[in-house]
Amino acid sequence: MTSIRRKLFFLLAALLALPMQAQVNLVYVDSARVARLLAEDAGLVAAPVAEVADTDTVPLADRPVVADDADFDRLWTDCFADRMAAIIEDPLLQSTQMAVMVWDLSADQCVYRFNEAQRMRPASVQKCVTAITALDRLGVDYQFSTRLYCRGDIDSTGVLHGSLYCVGGMDPLFGDANMRAFVRALREKGIRRITGDLLADKSMKDDKPMGEGWCWDDDDSNPPLSPLLYNRRDRFLAELSSRLRAAGIVLEGTLGDATLPAGSTLLAEETHDLKRVLQRMMKKSDNLHAESVFYQLAKSTGVRRASARQGRQVINQVVRAAGLDPAQYYAADGCGLSLYNYVTADLLVHLLRLNYHNTEAYEALLPTLPIAGRDGTLRKRLRGTAADSNVRAKTGTVTSVKTLAGFCTASNGHRLAFCILNQGTIRASQANGLQDRICRAMCE
């Protein structure tokens, strides 16, 4: 529905909801003028150059009230507030907690808030924090990199008198094609035998295998926090060693860990761009991808063997840029698995607003968000409603926590950023239902 049609429809619907006498007193609707506007909008008639009304001959008391854009916007805001007033009376909120904030990005003002400063666990909505920070600090063209080096001389018979070094960049997309490229690079250099070792340089991050506050028994969700990944698993050297044997390249040494020495020669580099990593991270809520992005933030500080602390420092920089105090929140990880993460609806909305006002970053983030009723973790929700294909948002789910944050377009044509945090819900479907009612209220 176009802007003119949407506004006319919304105004008429709001008027019909009023008592008859109030309709008569409030506004005069010229049906011929409405028809002309709809025809102009559809391109059936040309818009007039100007329309001059001879109002001097009409008594002031009898002149119709003309509704402008501000009237439509006030009507939407009032109707939305009424809908939200009914929603927060839901019996579910007698035993659970909810925080909501909705920001009108077009008017750049808050249109609704409820417990927006209450600290809650974000679950996978934490990925929004990570993604927005990465796009802001690393840039939309950032590349994940995995490199292969050799140290030593290659003689005329194809013998490398030295070792191979694989330098990890925690690229979650490194797979079969990339591993084949590494082996091909060795063959192109004429290497047929390696007298030294095959070594992994994992100095990009610390050696902690799990994030702070992760549940040790959650094997299905906890990703491997290794800087050297092959097909999402921590078995890089074993796979490369096997590929070397299959290619007829003899490795005389052993497998191990070591830091790349100065003066080494780069043989190959495989890269993947940030936007591709974010696609699966947000659409499928992939924890490994989120942690990989989180540790790129940590690495960007220049600290060797960077930890979650450095990643948190970079997130805090963006929180300050959004106009908030980072001391009020805590980012323990990048994916939202940690029980130590704490955010507010206010924080998420202000970060979304920051992203929206950076056109390049916004255009990179928006396509990664699940689309209601269509794909990702929202593909089965809000189908057949005004929010279907409208709401684009990141979902979050851990035990007793359900969250949702993203963007949509209201019926008055304004772009909205929103965040809904639910905590203490035993049945996820109940929280989903409440969130879906709010999404419909924003879009109808």
# chains A, B, ... in the order shown; residues from 1 in each chain; ligands from 1
>>> closest_atom_pairs(of="stretch 102-176 of chain A", to="stretch 206-228 of chain A", cutoff="12 Å", atoms="only C-alpha atoms", output="CSV")
residue,atom,partner,partner_atom,distance
A:Arg121,CA,A:Gly213,CA,11.9
A:Ala123,CA,A:Trp214,CA,11.6
A:Ser124,CA,A:Ser221,CA,11.5
A:Phe144,CA,A:Pro227,CA,10.8
A:Ser145,CA,A:Leu228,CA,10.2
A:Thr146,CA,A:Leu228,CA,7.7
A:Arg147,CA,A:Leu228,CA,10.0
A:Leu148,CA,A:Leu228,CA,11.4
A:Tyr165,CA,A:Leu228,CA,11.4
A:Cys166,CA,A:Leu228,CA,8.0
A:Val167,CA,A:Leu228,CA,7.4
A:Gly168,CA,A:Leu228,CA,4.5
A:Gly169,CA,A:Pro227,CA,5.4
A:Met170,CA,A:Pro227,CA,3.9
A:Asp171,CA,A:Pro227,CA,7.3
A:Pro172,CA,A:Leu228,CA,8.8
A:Leu173,CA,A:Leu228,CA,10.8
A:Phe174,CA,A:Leu228,CA,8.8
A:Gly175,CA,A:Leu228,CA,11.1
>>> select_by_dssp(residues="stretch 301-398 of chain A", states="alpha helix (DSSP H)", output="count of residues only")
33
>>> residues_around(residues="A:Asp176", least_positions_apart="2", cutoff="12 Å", atoms="only C-alpha atoms", output="PyMOL selection string")
chain A and resi 173-174+178-183+229-232+236+239-240+243+270
>>> write_last_selection(atoms="N, CA and C atoms", output="PDB file, in the first residue's frame")
ATOM      1  N   LEU A 173      33.859 -19.791   8.027  1.00  0.00           N
ATOM      2  CA  LEU A 173      33.478 -20.259   6.699  1.00  0.00           C
ATOM      3  C   LEU A 173      34.586 -21.032   5.990  1.00  0.00           C
ATOM      4  N   PHE A 174      35.739 -21.192   6.627  1.00  0.00           N
ATOM      5  CA  PHE A 174      36.841 -21.927   6.004  1.00  0.00           C
ATOM      6  C   PHE A 174      36.421 -23.393   5.847  1.00  0.00           C
ATOM      7  N   ASN A 178      38.662 -24.023   0.471  1.00  0.00           N
ATOM      8  CA  ASN A 178      39.804 -23.265   0.995  1.00  0.00           C
ATOM      9  C   ASN A 178      40.972 -24.185   1.310  1.00  0.00           C
ATOM     10  N   MET A 179      40.664 -25.372   1.846  1.00  0.00           N
ATOM     11  CA  MET A 179      41.732 -26.325   2.146  1.00  0.00           C
ATOM     12  C   MET A 179      42.394 -26.810   0.862  1.00  0.00           C
ATOM     13  N   ARG A 180      41.604 -27.031  -0.172  1.00  0.00           N
ATOM     14  CA  ARG A 180      42.175 -27.433  -1.473  1.00  0.00           C
ATOM     15  C   ARG A 180      43.086 -26.338  -2.020  1.00  0.00           C
ATOM     16  N   ALA A 181      42.704 -25.082  -1.782  1.00  0.00           N
ATOM     17  CA  ALA A 181      43.522 -23.962  -2.251  1.00  0.00           C
ATOM     18  C   ALA A 181      44.878 -23.946  -1.554  1.00  0.00           C
ATOM     19  N   PHE A 182      44.920 -24.303  -0.279  1.00  0.00           N
ATOM     20  CA  PHE A 182      46.189 -24.368   0.452  1.00  0.00           C
ATOM     21  C   PHE A 182      47.098 -25.452  -0.147  1.00  0.00           C
ATOM     22  N   VAL A 183      46.541 -26.625  -0.391  1.00  0.00           N
ATOM     23  CA  VAL A 183      47.337 -27.718  -0.961  1.00  0.00           C
ATOM     24  C   VAL A 183      47.808 -27.347  -2.365  1.00  0.00           C
ATOM     25  N   LEU A 229      39.831 -22.993  12.194  1.00  0.00           N
ATOM     26  CA  LEU A 229      38.635 -23.810  12.024  1.00  0.00           C
ATOM     27  C   LEU A 229      38.592 -24.403  10.622  1.00  0.00           C
ATOM     28  N   TYR A 230      38.140 -25.645  10.561  1.00  0.00           N
ATOM     29  CA  TYR A 230      37.889 -26.275   9.274  1.00  0.00           C
ATOM     30  C   TYR A 230      36.490 -26.888   9.325  1.00  0.00           C
ATOM     31  N   ASN A 231      35.617 -26.441   8.410  1.00  0.00           N
ATOM     32  CA  ASN A 231      34.224 -26.908   8.413  1.00  0.00           C
ATOM     33  C   ASN A 231      33.601 -26.805   9.800  1.00  0.00           C
ATOM     34  N   ARG A 232      33.881 -25.689  10.464  1.00  0.00           N
ATOM     35  CA  ARG A 232      33.293 -25.356  11.773  1.00  0.00           C
ATOM     36  C   ARG A 232      33.832 -26.214  12.918  1.00  0.00           C
ATOM     37  N   PHE A 236      41.844 -28.544  12.158  1.00  0.00           N
ATOM     38  CA  PHE A 236      42.476 -27.955  10.980  1.00  0.00           C
ATOM     39  C   PHE A 236      43.742 -28.713  10.564  1.00  0.00           C
ATOM     40  N   GLU A 239      43.254 -32.275   9.226  1.00  0.00           N
ATOM     41  CA  GLU A 239      42.700 -32.313   7.876  1.00  0.00           C
ATOM     42  C   GLU A 239      43.740 -31.921   6.830  1.00  0.00           C
ATOM     43  N   LEU A 240      44.521 -30.869   7.113  1.00  0.00           N
ATOM     44  CA  LEU A 240      45.540 -30.447   6.156  1.00  0.00           C
ATOM     45  C   LEU A 240      46.605 -31.520   5.987  1.00  0.00           C
ATOM     46  N   ARG A 243      45.263 -34.112   3.701  1.00  0.00           N
ATOM     47  CA  ARG A 243      45.219 -33.626   2.319  1.00  0.00           C
ATOM     48  C   ARG A 243      46.618 -33.628   1.688  1.00  0.00           C
ATOM     49  N   GLU A 270      43.311 -17.288   2.390  1.00  0.00           N
ATOM     50  CA  GLU A 270      41.898 -17.480   2.068  1.00  0.00           C
ATOM     51  C   GLU A 270      41.071 -16.533   2.929  1.00  0.00           C
TER      52      GLU A 270
END
>>> residues_around(residues="stretch 275-288 of chain A", least_positions_apart="5", cutoff="9 Å", atoms="only C-alpha atoms", output="ChimeraX atom specification")
/A:124,127-128,131,135,140-142,144,171-173,221-225,232,293,334-337,364-365,367-371,375-378,393-396
>>> closest_residue(among="A:Val129, A:Leu347, A:Val303, A:Ile249", to="A:Leu186", atoms="only C-alpha atoms")
A:Ile249
>>> select_by_dssp(residues="stretch 24-265 of chain A", states="strand (DSSP E or B)", output="JSON, numbers by chain")
{"A": [97, 98, 99, 100, 101, 102, 103, 104, 109, 110, 111, 112, 113, 114, 120, 143, 144, 145, 146, 147, 148, 149, 150, 151, 152, 153, 154, 159, 160, 161, 162, 163, 164, 165, 166, 167, 193, 194, 198, 199, 200, 201, 205, 230, 233, 250, 251, 255, 256, 257, 265]}
>>> write_last_selection(atoms="N, CA and C atoms", output="compact mmCIF listing (two decimals), in the first residue's frame")
# COMPACT_ATOMS: atom_id res chain seq x y z
N GLN A 97 8.50 -10.97 33.35
CA GLN A 97 8.94 -9.59 33.13
C GLN A 97 8.98 -9.30 31.63
N MET A 98 8.71 -8.04 31.30
CA MET A 98 8.81 -7.61 29.91
C MET A 98 9.31 -6.17 29.86
N ALA A 99 10.15 -5.89 28.88
CA ALA A 99 10.61 -4.53 28.59
C ALA A 99 10.40 -4.26 27.11
N VAL A 100 9.92 -3.07 26.79
CA VAL A 100 9.64 -2.71 25.40
C VAL A 100 10.08 -1.27 25.15
N MET A 101 10.67 -1.05 23.97
CA MET A 101 10.92 0.30 23.52
C MET A 101 10.74 0.35 22.02
N VAL A 102 10.03 1.38 21.54
CA VAL A 102 9.80 1.59 20.11
C VAL A 102 10.22 3.01 19.77
N TRP A 103 11.06 3.12 18.75
CA TRP A 103 11.59 4.43 18.35
C TRP A 103 11.18 4.71 16.91
N ASP A 104 10.58 5.87 16.70
CA ASP A 104 10.23 6.32 15.36
C ASP A 104 11.48 6.92 14.72
N GLN A 109 12.22 10.03 17.34
CA GLN A 109 11.72 10.21 18.70
C GLN A 109 11.13 8.90 19.21
N CYS A 110 11.15 8.74 20.53
CA CYS A 110 10.57 7.55 21.15
C CYS A 110 9.05 7.65 21.10
N VAL A 111 8.38 6.59 20.68
CA VAL A 111 6.92 6.59 20.64
C VAL A 111 6.31 5.65 21.68
N TYR A 112 7.15 4.78 22.28
CA TYR A 112 6.63 3.93 23.35
C TYR A 112 7.78 3.39 24.18
N ARG A 113 7.56 3.33 25.48
CA ARG A 113 8.54 2.74 26.38
C ARG A 113 7.84 2.08 27.55
N PHE A 114 8.37 0.93 27.96
CA PHE A 114 7.82 0.19 29.09
C PHE A 114 8.96 -0.62 29.70
N MET A 120 18.06 -6.96 31.54
CA MET A 120 17.63 -8.33 31.31
C MET A 120 18.64 -9.07 30.46
N GLN A 143 37.46 -8.32 6.14
CA GLN A 143 37.70 -9.69 5.68
C GLN A 143 38.25 -10.57 6.80
N PHE A 144 37.68 -11.77 6.93
CA PHE A 144 38.24 -12.82 7.80
C PHE A 144 39.35 -13.51 7.00
N SER A 145 40.47 -13.79 7.65
CA SER A 145 41.62 -14.29 6.91
C SER A 145 42.25 -15.51 7.60
N THR A 146 42.63 -16.51 6.79
CA THR A 146 43.42 -17.66 7.24
C THR A 146 44.60 -17.77 6.29
N ARG A 147 45.83 -17.84 6.83
CA ARG A 147 47.01 -17.76 5.98
C ARG A 147 47.93 -18.97 6.17
N LEU A 148 48.62 -19.31 5.09
CA LEU A 148 49.59 -20.41 5.09
C LEU A 148 50.97 -19.85 4.76
N TYR A 149 51.95 -20.12 5.65
CA TYR A 149 53.33 -19.64 5.47
C TYR A 149 54.30 -20.82 5.47
N CYS A 150 55.49 -20.57 4.94
CA CYS A 150 56.59 -21.52 5.13
C CYS A 150 57.79 -20.76 5.67
N ARG A 151 58.61 -21.48 6.41
CA ARG A 151 59.86 -20.91 6.95
C ARG A 151 60.98 -21.85 6.57
N GLY A 152 61.85 -21.41 5.68
CA GLY A 152 62.93 -22.27 5.21
C GLY A 152 63.08 -22.17 3.71
N ASP A 153 64.08 -22.81 3.19
CA ASP A 153 64.36 -22.76 1.76
C ASP A 153 63.76 -23.95 1.03
N ILE A 154 63.37 -23.71 -0.22
CA ILE A 154 62.86 -24.77 -1.09
C ILE A 154 63.93 -25.06 -2.14
N VAL A 159 62.08 -29.93 -2.11
CA VAL A 159 62.12 -30.17 -0.67
C VAL A 159 62.13 -28.83 0.06
N LEU A 160 61.17 -28.67 0.98
CA LEU A 160 61.16 -27.50 1.86
C LEU A 160 61.96 -27.86 3.10
N HIS A 161 63.08 -27.20 3.26
CA HIS A 161 63.92 -27.44 4.43
C HIS A 161 63.45 -26.51 5.55
N GLY A 162 62.33 -26.85 6.12
CA GLY A 162 61.73 -26.02 7.16
C GLY A 162 60.32 -26.48 7.46
N SER A 163 59.52 -25.60 8.00
CA SER A 163 58.18 -25.96 8.47
C SER A 163 57.11 -25.10 7.80
N LEU A 164 55.86 -25.60 7.89
CA LEU A 164 54.69 -24.86 7.45
C LEU A 164 53.98 -24.28 8.67
N TYR A 165 53.44 -23.07 8.53
CA TYR A 165 52.70 -22.41 9.60
C TYR A 165 51.31 -22.01 9.09
N CYS A 166 50.30 -22.40 9.81
CA CYS A 166 48.92 -22.01 9.49
C CYS A 166 48.49 -20.98 10.53
N VAL A 167 48.22 -19.77 10.07
CA VAL A 167 47.88 -18.67 10.98
C VAL A 167 46.36 -18.48 10.97
N ARG A 193 58.15 -32.34 -0.53
CA ARG A 193 58.53 -32.91 0.77
C ARG A 193 58.85 -31.78 1.74
N ILE A 194 58.44 -31.98 3.01
CA ILE A 194 58.65 -30.97 4.06
C ILE A 194 59.45 -31.64 5.17
N LEU A 198 54.28 -29.28 10.73
CA LEU A 198 53.07 -28.55 10.33
C LEU A 198 52.52 -27.91 11.61
N LEU A 199 52.57 -26.59 11.68
CA LEU A 199 52.32 -25.89 12.94
C LEU A 199 51.14 -24.92 12.84
N ALA A 200 50.42 -24.79 13.92
CA ALA A 200 49.26 -23.89 14.00
C ALA A 200 49.60 -22.69 14.86
N ASP A 201 49.42 -21.50 14.30
CA ASP A 201 49.58 -20.26 15.06
C ASP A 201 48.17 -19.80 15.47
N LYS A 205 43.83 -15.27 19.64
CA LYS A 205 43.02 -15.16 20.85
C LYS A 205 43.59 -16.03 21.96
N TYR A 230 38.14 -25.64 10.56
CA TYR A 230 37.89 -26.28 9.27
C TYR A 230 36.49 -26.89 9.33
N ARG A 233 34.89 -26.97 12.67
CA ARG A 233 35.43 -27.83 13.72
C ARG A 233 36.90 -27.53 13.98
N VAL A 250 55.02 -35.19 1.19
CA VAL A 250 55.48 -35.91 2.38
C VAL A 250 55.81 -34.92 3.50
N LEU A 251 55.21 -35.14 4.68
CA LEU A 251 55.52 -34.34 5.86
C LEU A 251 56.35 -35.21 6.80
N LEU A 255 52.78 -32.58 14.01
CA LEU A 255 51.80 -31.50 14.13
C LEU A 255 51.96 -30.83 15.49
N GLY A 256 51.81 -29.51 15.52
CA GLY A 256 51.96 -28.82 16.80
C GLY A 256 51.52 -27.36 16.71
N ASP A 257 51.73 -26.63 17.79
CA ASP A 257 51.40 -25.21 17.87
C ASP A 257 52.68 -24.39 17.97
N THR A 265 57.54 -16.78 4.74
CA THR A 265 57.04 -16.48 3.39
C THR A 265 55.57 -16.87 3.28
>>> closest_residue(among="A:Leu244, A:Asn341, A:Leu348, A:Thr399", to="A:Ile420", atoms="only C-alpha atoms")
A:Leu348
>>> closest_residue(among="A:Ala177, A:Gly323, A:Thr195, A:Cys443", to="A:Asp346", atoms="only C-alpha atoms")
A:Gly323
>>> atom_distance(atom1="atom CA of A:Thr359", atom2="atom CA of A:Asp436")
27.8 Å
